[in-house]
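Asker: Pasting a structure below so you can have a look.
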Amino acid sequence: MANVPEDLHYSKDHEWVRVEGDQAIIGITDYAQNSLGDVVYVELPKAEEEFAANEPFGSVESVKAVSEVFTPIAGTVVTINEALADEPESVNTDPYGGGWMIRLKMANRGEVDSLLTAAEYEDFTKAESE
Amino acid sequence: MVDFGGWDMPVQYPAGTIEEHLRTRRHAGLFDVSHMGEIDVKGTDAITFVNRLTSNDVTKLVDGQAQYSALTTPKGTVIDDLLVYRLAADHLLLVVNASTTEKDWEWIKSHHAGESVELNNVSADYCQLALQGPDAQSILEKLTDLPLSEIKYYHFTHGSVDGVAGIVSRTGYTGEDGFEVYAPADRAEQLWNKILDVGQTGTPTGVLSCGLAARNTLRLEAGMALYGNDIDDTTTLFEANLGWICKLDKGDFTGREALAQQKQEGVKRKLAGFEVTERGIARDHQEVVVDGNRVGQVTSGSPAPFLKKNIGLAYVPAEYATVGQEIQIDVRGRLVGAQIVKTPFYKRQK
């Protein structure tokens, strides 16, 4: 059973969002990392890059495939997780902690409210696996 | 699970591709390769018939020996790469790729021009399991009385594995020592489960079942071509670095004239191995750039789990196909540095 922390917001593309004031931290979910397999490479944007909601901000690569990662909300990149350059496997071992990808200054604080709750995301993944 | 040449196959098992790859290099990996095709050629003209359609010299084989070869077009390009097994002077077994089995079968049948041969597509009759790695022999020894240590590389014998009569061949697609077992299709599950069991799968040094992703990373590290990627009917044997299976002196075969001419004139492009030297992973179909010019294409690109590098094969103009040549790969819009290296990328210690 995949882990789905209660205190986060989720997207149907399997990203999670943690809100801290007017900033949001984004990564991919446990369900996503499990589907991908061993992550060998993560491509992240640079600080100050701007993204609209649902725009791809980077990519995650397994041995076999490249997957784009999307930001569920609009914002400007504050920092990225540099540690993923040397330890991309953190996305697998700690998707909600050490596997975080980018920190955004949110363009629109209200956007997170239209994301999925933990319960809704869990239902969504159950339906997807069927 | 994905569709591979019409077969439903796993990309990886729960251990994951990297672990499957490393376990095969260090101990043993088990691959279900029953998707491969088998074409049986019987009759007094079996050898001359197959020799006429393939590039390697079938007459050099003895009973119980196999060779890597290619079915060629009149242009000297590749219809398929395959193994030719000599069971007897009047009996050959051709083992071909899954995605090309039908194509090969039609080609072979259509070229039957009165030779005394009986052709049969026996793909559905066979299953094939590949047990690869330094522990492969000691694992398989538990299931057979065959003197496995006496079977030389690219040789095979008939015998029983776990009471199932079949062919045991010291061949493989990983660059490790190992065996491929050909058996009746309905015994596949029995053999699969038994090998995993005696090979102590589930222990840290036991055999691991391996999927398509590990099969690909293993063969790429070993510098082995994948039909459809590195070779196809637009690539000649010399362009593809397969001159070593092209025996122009053996006599006539399909494409011999075109190949002889190319040998004389030289190739314009060559398949070369490269290592990515900057951050990034090169992938299939990405373009090769030299001095700002798009000059070629990656045919196979992937991380190499054992070498801990990102590697690939690409067709480049012959003048750039030298070890040390610096190139760039267009990785989704970003130019990433790479360097031509010698292949195979990995060679097992003997």
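Numbering starts fresh at 1 for the residues of each chain in the structure tokens, the chains themselves are lettered A, B, ... in the order given, and ligands are numbered from 1 as they appear.
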Using only C-alpha atoms, find which residues of chain A lie within 7 Å of chain B and jot them down as an MDAnalysis selection string.
Answerer: chainID A and resid 37:38 63:64
Asker: Calculated over only C-alpha atoms, which of the candidates B:Arg332, B:His35, B:Arg215, B:His21 has the smallest distance to B:Lys308?
Answerer: B:His21
Asker: In stretch 79-186 of chain B, what's helix (DSSP H, G or I) per DSSP? Answer as a ChimeraX atom specification?
Answerer: /B:101-110,123-125,136-143,148-150,185-186
Asker: Output N, CA and C atoms for every residue in the selection just made, as a CSV table (one decimal), in the first residue's frame.
Answerer:
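Generated output (again12.csv):
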chain,number,residue,atom,x,y,z
B,101,THR,N,10.0,-12.9,-36.3
B,101,THR,CA,9.9,-14.3,-36.6
B,101,THR,C,9.0,-14.6,-37.8
B,102,GLU,N,7.9,-13.9,-37.9
B,102,GLU,CA,7.1,-14.1,-39.1
B,102,GLU,C,7.8,-13.6,-40.4
B,103,LYS,N,8.4,-12.4,-40.3
B,103,LYS,CA,9.1,-11.9,-41.4
B,103,LYS,C,10.2,-12.8,-41.9
B,104,ASP,N,11.0,-13.4,-40.9
B,104,ASP,CA,12.1,-14.3,-41.3
B,104,ASP,C,11.5,-15.5,-41.9
B,105,TRP,N,10.5,-16.0,-41.3
B,105,TRP,CA,9.8,-17.3,-41.8
B,105,TRP,C,9.4,-17.1,-43.3
B,106,GLU,N,8.7,-16.0,-43.6
B,106,GLU,CA,8.3,-15.8,-44.9
B,106,GLU,C,9.5,-15.6,-45.9
B,107,TRP,N,10.5,-14.9,-45.4
B,107,TRP,CA,11.7,-14.7,-46.3
B,107,TRP,C,12.4,-16.1,-46.6
B,108,ILE,N,12.6,-16.9,-45.5
B,108,ILE,CA,13.2,-18.1,-45.7
B,108,ILE,C,12.4,-19.1,-46.6
B,109,LYS,N,11.1,-19.1,-46.4
B,109,LYS,CA,10.2,-20.0,-47.2
B,109,LYS,C,10.3,-19.5,-48.7
B,110,SER,N,10.2,-18.2,-48.9
B,110,SER,CA,10.2,-17.7,-50.3
B,110,SER,C,11.5,-17.9,-51.0
B,123,SER,N,8.3,-22.3,-33.6
B,123,SER,CA,8.4,-21.4,-32.5
B,123,SER,C,7.4,-21.7,-31.4
B,124,ALA,N,6.2,-22.1,-31.7
B,124,ALA,CA,5.2,-22.4,-30.7
B,124,ALA,C,5.5,-23.6,-29.9
B,125,ASP,N,6.4,-24.5,-30.4
B,125,ASP,CA,6.7,-25.7,-29.7
B,125,ASP,C,7.7,-25.5,-28.6
B,136,ALA,N,25.6,-19.5,-12.8
B,136,ALA,CA,24.6,-20.2,-13.7
B,136,ALA,C,24.9,-21.7,-13.7
B,137,GLN,N,26.2,-22.0,-13.9
B,137,GLN,CA,26.5,-23.4,-14.1
B,137,GLN,C,26.3,-24.2,-12.8
B,138,SER,N,26.7,-23.6,-11.7
B,138,SER,CA,26.5,-24.4,-10.4
B,138,SER,C,25.0,-24.5,-10.1
B,139,ILE,N,24.2,-23.6,-10.5
B,139,ILE,CA,22.7,-23.7,-10.3
B,139,ILE,C,22.1,-24.8,-11.2
B,140,LEU,N,22.5,-24.7,-12.5
B,140,LEU,CA,21.9,-25.7,-13.4
B,140,LEU,C,22.4,-27.1,-13.2
B,141,GLU,N,23.6,-27.2,-12.6
B,141,GLU,CA,24.1,-28.5,-12.3
B,141,GLU,C,23.2,-29.3,-11.4
B,142,LYS,N,22.5,-28.6,-10.5
B,142,LYS,CA,21.6,-29.2,-9.6
B,142,LYS,C,20.4,-29.9,-10.3
B,143,LEU,N,20.2,-29.6,-11.6
B,143,LEU,CA,19.0,-30.1,-12.2
B,143,LEU,C,19.3,-31.0,-13.4
B,148,LEU,N,28.0,-30.0,-17.6
B,148,LEU,CA,28.0,-28.7,-18.1
B,148,LEU,C,29.3,-28.0,-18.3
B,149,SER,N,30.3,-28.4,-17.4
B,149,SER,CA,31.6,-27.8,-17.5
B,149,SER,C,32.3,-28.1,-18.9
B,150,GLU,N,31.8,-29.2,-19.5
B,150,GLU,CA,32.4,-29.6,-20.8
B,150,GLU,C,31.7,-29.0,-22.0
B,185,ALA,N,7.3,-26.2,-24.9
B,185,ALA,CA,6.6,-25.0,-24.4
B,185,ALA,C,5.8,-25.3,-23.1
B,186,ASP,N,5.2,-26.4,-23.0
B,186,ASP,CA,4.4,-26.6,-21.8
B,186,ASP,C,5.1,-27.0,-20.6
Asker: Quick check, in Å to one decimal: how far apart do atom CA of A:Leu44 and atom CA of A:Leu84 lie?
Answerer: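 We find that atom CA of A:Leu44 and atom CA of A:Leu84 lie 9.1 Å from each other.
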Asker: Do a neighbour search on A:Leu8 at 10 Å with only C-alpha atoms, toss out local chain neighbours closer than 6 positions, and write the hits as a list in words.
Answerer: Glu15, Trp16, Val17, Arg18, Val19, Ile25, Ile26, Tyr96, Val112, Leu115, Leu116, Thr117 and Ala118 of chain A
Asker: Would you mind reading off the distance between atom CA of A:Asn81 and atom CA of A:Glu6, one decimal, in Å?
Answerer: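 We find that atom CA of A:Asn81 and atom CA of A:Glu6 lie 22.7 Å from each other.
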Asker: Residues within 7 Å of B:Glu239, please, as a PDB file with N, CA and C atoms, in the first residue's frame. Count only C-alpha atoms; anything in the same chain fewer than 3 positions from it doesn't count.
Answerer:
ATOM      1  N   THR B 235      20.694  -0.959 -42.363  1.00  0.00           N
ATOM      2  CA  THR B 235      22.082  -0.934 -41.898  1.00  0.00           C
ATOM      3  C   THR B 235      22.829  -2.145 -42.448  1.00  0.00           C
ATOM      4  N   THR B 236      23.984  -1.904 -43.048  1.00  0.00           N
ATOM      5  CA  THR B 236      24.756  -3.036 -43.563  1.00  0.00           C
ATOM      6  C   THR B 236      25.596  -3.635 -42.434  1.00  0.00           C
ATOM      7  N   VAL B 267      32.926   2.218 -45.434  1.00  0.00           N
ATOM      8  CA  VAL B 267      31.579   2.654 -45.056  1.00  0.00           C
ATOM      9  C   VAL B 267      31.560   4.150 -44.837  1.00  0.00           C
ATOM     10  N   ARG B 269      29.201   5.522 -42.735  1.00  0.00           N
ATOM     11  CA  ARG B 269      28.827   5.718 -41.337  1.00  0.00           C
ATOM     12  C   ARG B 269      29.123   4.428 -40.571  1.00  0.00           C
ATOM     13  N   LYS B 270      29.272   4.561 -39.280  1.00  0.00           N
ATOM     14  CA  LYS B 270      29.609   3.397 -38.460  1.00  0.00           C
ATOM     15  C   LYS B 270      28.864   3.455 -37.139  1.00  0.00           C
ATOM     16  N   LEU B 271      28.545   2.282 -36.636  1.00  0.00           N
ATOM     17  CA  LEU B 271      27.944   2.182 -35.307  1.00  0.00           C
ATOM     18  C   LEU B 271      29.073   2.274 -34.283  1.00  0.00           C
TER      19      LEU B 271
END
